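Here the structure is laid out as structure tokens; the discussion comes afterwards.
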Amino acid sequence: MAVTTCLTWMQEKKLQNCLEGKQFSLLYKASVHDFSPEDLLQRCCNQGRTLTVIYTDDYIIGAYMLGNCQRENPVSIVLFAFQETEISRCEIGPCTPVQFIKSSSLYEYHSEFKINLHLKTVTMNSNVIKKLKLPESPQISFQECEVFRCEDILDTRKMKGVTELRESLLSDIRTHKPFRDLVHQIRILLLGPTGAGKSSFFNSVKSVFRGHVTHQALVGAGPTRISEQYRIYSVKDGKHGKSLPFILCDSMGLDEDEGMCMGDILYMLKGHIPDRYQFNVKKPITPGHGNYIDFPLLKDRIHCVAIVFDANSVENLSNEMVAKIKRIRREMIKYGVVHVVLLTHVDSMDLIRKGDLIDVYRCVPVKLKLEAVHRELGFALSDILVVSNYTSEWELDPVKDVLILSALRQMLWAADDFLEDLPLEETDIRGKYFKCAREENEYVSPSHY
């Protein structure tokens, strides 16, 4: 039977954050392994850095050893005290594990902090009690004691796995073939509120394939709108490589009152709007406009839409913005356009550390965020993707790359579903075009395509 900790997920996460993202492995639990100092030392010595956790009726006390746990090796210790959601801390020592795990009454109390497993008590001097903001009591009874080995979440073994996954995703995307070769490049439209991270996502994707951080698309800060043009970006594999099998279309941000007109969005979906079209918040593009594409081909249409939100503010959208998003979604469903949600800035969410990004969809704050988006906006949980864009970094990070590439691959797969679901008459573009041309006695060069 597996031995489990008494720490709640939230308590464990807060302790991990205090210890710079360490991973905890339970080595000793007094109620299972006996309230024996010798048993504790036998199980926990020579295990590297350890965290001892004491459970009282009213709070939790932790003792983190700033060095390898060895019987006679003096190390400094960081003490923690949980009282509801507040954590207090102080540093004591140095002392040895044998000194602070009191094993008999022969030890005279002379240190700042001692644990007596036989009596199930913790003894602290007044200075420590004050720093930890605990009630004045030199001796505190406890019910449980646990000891954890503390390791770096991103150790060499895990980083090797991340690097291998990154290379696998890069290969999958480079060799992706759209469904039945109906188009050469999947066209993905990025929609979302101003400042959500649309342009940053394009920059991040380009950075991964370029091999260094790039900032081709201008990025604003907060609610400042930068993208007022419709941009169609083809991404190359490396600086001089061939174009990759996808195109990212960056659009103007959505606002409650201003921003893109609904007409512009519909014409983008159908492929009528060209690259570098300047949006007019008062008037959408219409047939007859100088830049309007009258007869878009399947390759000009949008094959997948990614609706982009900042993970930290998606739950604070105004009622007007929620209504606009739902209206846009209804139109996409009406025209059969597949769509996903892309949550950015996941790395800056509360209680999220870099190590959590390795298995981000199992992380409790992320799961709660996905459920909130599903509940408020109606998107399926399986259609909600999370990424951490490159916004201020100078160097690429394999962990971020995996999130970016995983989201992009899901978009490509979603676009394939769109292409597969198209009516036959909408897929035979070439045949229809040549048929019309023959009827008009025109010659059409195959190079047109």
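By convention here, the chains of the structure tokens are called A, B, ... in the order presented, each chain's residues are numbered starting at 1, and ligands are numbered starting at 1 in the order presented.
For A:Thr391, the list of residues within 9 Å, based on only C-alpha atoms and with local chain neighbours fewer than 6 positions off taken out, reads Ser200, Asn203, Ser204, His215 and Val219 of chain A.
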request  = May I have the residues within 9 Å of stretch 305-310 of chain A as a list in words, using only C-alpha atoms and disregarding those fewer than 3 positions away in the same chain?
outcome  = Arg187, Ile188, Leu189, Leu190, Leu191, Gly192, Pro193, Gly195, Ala196, Gly197, Lys198, Leu269, Ile302, Ser313, Val314, Ile325, Met332, Val337, Val338, His339, Val340, Val341, Leu342, Leu343, Thr344, His345, Val346, Met411 and Ala415 of chain A
Could you turn the residues from that selection into a file that holds N, CA, C and O atoms, as a short mmCIF file (atom, residue, chain, number, x, y, z; two decimals), in the first residue's frame?
```
data_model
loop_
_atom_site.label_atom_id
_atom_site.label_comp_id
_atom_site.auth_asym_id
_atom_site.auth_seq_id
_atom_site.Cartn_x
_atom_site.Cartn_y
_atom_site.Cartn_z
N ARG A 187 -3.84 27.16 -42.98
CA ARG A 187 -3.94 28.58 -42.64
C ARG A 187 -4.66 28.72 -41.29
O ARG A 187 -5.83 28.33 -41.17
N ILE A 188 -3.96 29.25 -40.30
CA ILE A 188 -4.50 29.37 -38.93
C ILE A 188 -4.69 30.84 -38.60
O ILE A 188 -3.75 31.64 -38.71
N LEU A 189 -5.89 31.22 -38.20
CA LEU A 189 -6.20 32.60 -37.83
C LEU A 189 -6.13 32.76 -36.32
O LEU A 189 -6.71 31.97 -35.56
N LEU A 190 -5.41 33.79 -35.87
CA LEU A 190 -5.32 34.12 -34.45
C LEU A 190 -6.27 35.26 -34.13
O LEU A 190 -6.12 36.37 -34.64
N LEU A 191 -7.28 34.98 -33.31
CA LEU A 191 -8.26 35.97 -32.88
C LEU A 191 -8.18 36.11 -31.37
O LEU A 191 -7.77 35.18 -30.67
N GLY A 192 -8.64 37.25 -30.84
CA GLY A 192 -8.69 37.38 -29.40
C GLY A 192 -8.62 38.82 -28.95
O GLY A 192 -8.36 39.73 -29.75
N PRO A 193 -8.88 39.07 -27.67
CA PRO A 193 -8.83 40.42 -27.14
C PRO A 193 -7.46 41.06 -27.33
O PRO A 193 -6.44 40.38 -27.44
N GLY A 195 -4.02 42.46 -26.52
CA GLY A 195 -3.06 42.13 -25.47
C GLY A 195 -3.10 40.69 -25.01
O GLY A 195 -2.40 40.33 -24.05
N ALA A 196 -3.87 39.83 -25.69
CA ALA A 196 -3.97 38.43 -25.24
C ALA A 196 -2.73 37.62 -25.56
O ALA A 196 -2.45 36.62 -24.91
N GLY A 197 -1.96 38.04 -26.59
CA GLY A 197 -0.75 37.30 -26.93
C GLY A 197 -0.78 36.69 -28.32
O GLY A 197 -0.03 35.74 -28.59
N LYS A 198 -1.59 37.24 -29.23
CA LYS A 198 -1.68 36.70 -30.60
C LYS A 198 -0.36 36.88 -31.35
O LYS A 198 0.21 35.92 -31.88
N LEU A 269 -12.48 34.54 -42.60
CA LEU A 269 -12.71 33.11 -42.60
C LEU A 269 -12.86 32.57 -44.02
O LEU A 269 -12.39 31.47 -44.34
N ILE A 302 -9.52 30.23 -44.19
CA ILE A 302 -9.01 29.87 -42.86
C ILE A 302 -9.43 28.43 -42.57
O ILE A 302 -10.61 28.09 -42.68
N SER A 313 -6.35 36.62 -17.14
CA SER A 313 -7.48 37.55 -17.16
C SER A 313 -8.71 36.99 -17.87
O SER A 313 -9.72 37.68 -17.96
N VAL A 314 -8.64 35.77 -18.35
CA VAL A 314 -9.76 35.22 -19.12
C VAL A 314 -11.05 35.15 -18.30
O VAL A 314 -12.15 35.27 -18.84
N ILE A 325 -17.47 37.05 -28.14
CA ILE A 325 -16.79 35.78 -28.39
C ILE A 325 -17.80 34.69 -28.74
O ILE A 325 -17.59 33.91 -29.69
N MET A 332 -18.55 30.79 -36.59
CA MET A 332 -17.58 29.78 -37.01
C MET A 332 -18.24 28.41 -37.13
O MET A 332 -17.97 27.65 -38.07
N VAL A 337 -16.07 26.12 -39.54
CA VAL A 337 -14.65 26.36 -39.28
C VAL A 337 -14.29 25.81 -37.91
O VAL A 337 -14.91 26.17 -36.90
N VAL A 338 -13.28 24.95 -37.85
CA VAL A 338 -12.87 24.41 -36.56
C VAL A 338 -12.12 25.48 -35.77
O VAL A 338 -11.50 26.38 -36.35
N HIS A 339 -12.20 25.40 -34.46
CA HIS A 339 -11.57 26.43 -33.63
C HIS A 339 -11.12 25.83 -32.32
O HIS A 339 -11.70 24.87 -31.81
N VAL A 340 -10.06 26.40 -31.78
CA VAL A 340 -9.53 26.01 -30.48
C VAL A 340 -9.31 27.27 -29.66
O VAL A 340 -9.35 28.39 -30.18
N VAL A 341 -9.09 27.08 -28.37
CA VAL A 341 -8.73 28.20 -27.48
C VAL A 341 -7.26 28.07 -27.13
O VAL A 341 -6.77 26.96 -26.88
N LEU A 342 -6.57 29.19 -27.14
CA LEU A 342 -5.15 29.22 -26.77
C LEU A 342 -4.98 30.14 -25.57
O LEU A 342 -5.20 31.34 -25.67
N LEU A 343 -4.61 29.56 -24.43
CA LEU A 343 -4.38 30.35 -23.22
C LEU A 343 -2.90 30.65 -23.11
O LEU A 343 -2.07 29.74 -23.03
N THR A 344 -2.55 31.93 -23.11
CA THR A 344 -1.15 32.35 -23.02
C THR A 344 -0.79 32.75 -21.59
O THR A 344 -1.65 32.84 -20.71
N HIS A 345 0.49 33.01 -21.36
CA HIS A 345 1.00 33.47 -20.06
C HIS A 345 0.72 32.47 -18.93
O HIS A 345 0.57 32.87 -17.77
N VAL A 346 0.64 31.19 -19.28
CA VAL A 346 0.35 30.20 -18.24
C VAL A 346 1.46 30.16 -17.20
O VAL A 346 1.22 29.84 -16.02
N MET A 411 -3.43 22.34 -33.57
CA MET A 411 -4.11 23.18 -34.56
C MET A 411 -4.05 22.55 -35.95
O MET A 411 -5.03 22.60 -36.71
N ALA A 415 -7.21 21.43 -38.18
CA ALA A 415 -7.42 21.88 -39.57
C ALA A 415 -7.63 20.70 -40.50
O ALA A 415 -8.43 20.79 -41.46
#
```
request  = Excluding A:Ser234 and any residue of its chain fewer than 6 positions from it, enumerate the residues within 8 Å of it, using only C-alpha atoms, and give them as a VMD selection string.
outcome  = chain A and resid 243 to 244 246 to 248
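For the residues A:His33, A:Arg149, A:His374, A:Lys242, ranking by smallest atom-to-atom distance to A:Tyr64 using only C-alpha atoms places A:Arg149 first.
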Residue list (strand (DSSP E), DSSP) for stretch 138-259 of chain A, as a VMD selection string = chain A and resid 139 to 141 144 to 152 186 to 191 229 to 236 243 to 250
key: alpha helix (DSSP H) per DSSP on the backbone: members of stretch 175-416 of chain A, as a PyMOL selection string   = chain A and resi 198-210+262-270+319-334+364-377+398-416
Polymer residues at most 7 Å from stretch 271-287 of chain A, only C-alpha atoms, same-chain spacing of 3 or more positions, as a VMD selection string = chain A and resid 228 to 232 258 to 261 263 to 264 267 to 268 291 to 294 296 300 to 302
Selection from above, N, CA, C and O atoms, as a tab-separated table (two decimals), in the first residue's frame, can you write it?
```
chain	number	residue	atom	x	y	z
A	228	GLU	N	-3.05	46.57	-36.26
A	228	GLU	CA	-4.24	47.11	-36.92
A	228	GLU	C	-4.28	46.68	-38.37
A	228	GLU	O	-5.16	47.09	-39.12
A	229	GLN	N	-3.30	45.87	-38.76
A	229	GLN	CA	-3.28	45.29	-40.09
A	229	GLN	C	-3.54	43.80	-39.99
A	229	GLN	O	-3.27	43.17	-38.97
A	230	TYR	N	-4.07	43.25	-41.06
A	230	TYR	CA	-4.19	41.80	-41.18
A	230	TYR	C	-2.89	41.30	-41.78
A	230	TYR	O	-2.50	41.70	-42.87
A	231	ARG	N	-2.16	40.47	-41.04
A	231	ARG	CA	-0.89	39.96	-41.51
A	231	ARG	C	-0.95	38.46	-41.72
A	231	ARG	O	-1.49	37.72	-40.89
A	232	ILE	N	-0.42	38.02	-42.84
A	232	ILE	CA	-0.37	36.60	-43.18
A	232	ILE	C	1.10	36.20	-43.19
A	232	ILE	O	1.87	36.64	-44.05
A	258	GLU	N	-14.89	48.88	-29.83
A	258	GLU	CA	-14.23	49.03	-31.11
A	258	GLU	C	-13.60	47.71	-31.52
A	258	GLU	O	-14.12	46.66	-31.25
A	259	GLY	N	-12.46	47.78	-32.19
A	259	GLY	CA	-11.84	46.55	-32.66
A	259	GLY	C	-12.44	46.13	-33.98
A	259	GLY	O	-13.16	46.87	-34.64
A	260	MET	N	-12.13	44.91	-34.39
A	260	MET	CA	-12.59	44.42	-35.68
A	260	MET	C	-14.10	44.34	-35.77
A	260	MET	O	-14.78	43.98	-34.81
A	261	CYS	N	-14.60	44.64	-36.96
A	261	CYS	CA	-16.03	44.46	-37.23
A	261	CYS	C	-16.31	42.99	-37.48
A	261	CYS	O	-15.45	42.25	-37.97
A	263	GLY	N	-18.09	41.79	-39.76
A	263	GLY	CA	-17.99	41.53	-41.20
A	263	GLY	C	-16.57	41.18	-41.62
A	263	GLY	O	-16.35	40.30	-42.45
A	264	ASP	N	-15.59	41.86	-41.02
A	264	ASP	CA	-14.19	41.56	-41.34
A	264	ASP	C	-13.84	40.14	-40.95
A	264	ASP	O	-13.11	39.44	-41.66
A	267	TYR	N	-15.30	37.67	-43.48
A	267	TYR	CA	-14.56	37.70	-44.75
A	267	TYR	C	-13.17	37.11	-44.60
A	267	TYR	O	-12.62	36.53	-45.54
A	268	MET	N	-12.55	37.23	-43.43
A	268	MET	CA	-11.27	36.57	-43.19
A	268	MET	C	-11.44	35.06	-43.25
A	268	MET	O	-10.62	34.35	-43.86
A	291	ASN	N	-8.89	46.02	-52.30
A	291	ASN	CA	-8.08	44.86	-51.90
A	291	ASN	C	-8.90	43.59	-51.71
A	291	ASN	O	-8.36	42.56	-51.33
A	292	TYR	N	-10.19	43.66	-51.95
A	292	TYR	CA	-11.08	42.51	-51.71
A	292	TYR	C	-10.77	41.40	-52.70
A	292	TYR	O	-10.66	41.63	-53.92
A	293	ILE	N	-10.60	40.17	-52.17
A	293	ILE	CA	-10.36	39.00	-53.03
A	293	ILE	C	-11.71	38.42	-53.41
A	293	ILE	O	-12.43	37.87	-52.57
A	294	ASP	N	-12.08	38.56	-54.69
A	294	ASP	CA	-13.43	38.16	-55.13
A	294	ASP	C	-13.64	36.66	-55.11
A	294	ASP	O	-14.70	36.18	-54.71
A	296	PRO	N	-11.75	33.67	-53.68
A	296	PRO	CA	-10.68	32.98	-52.94
A	296	PRO	C	-10.72	31.48	-53.18
A	296	PRO	O	-11.80	30.88	-53.32
A	300	ASP	N	-6.78	29.93	-49.68
A	300	ASP	CA	-6.90	31.27	-49.11
A	300	ASP	C	-7.80	31.31	-47.88
A	300	ASP	O	-7.78	32.29	-47.13
A	301	ARG	N	-8.61	30.29	-47.71
A	301	ARG	CA	-9.55	30.27	-46.60
A	301	ARG	C	-8.84	29.94	-45.29
A	301	ARG	O	-7.72	29.44	-45.27
A	302	ILE	N	-9.52	30.23	-44.19
A	302	ILE	CA	-9.01	29.87	-42.86
A	302	ILE	C	-9.43	28.43	-42.57
A	302	ILE	O	-10.61	28.09	-42.68
```
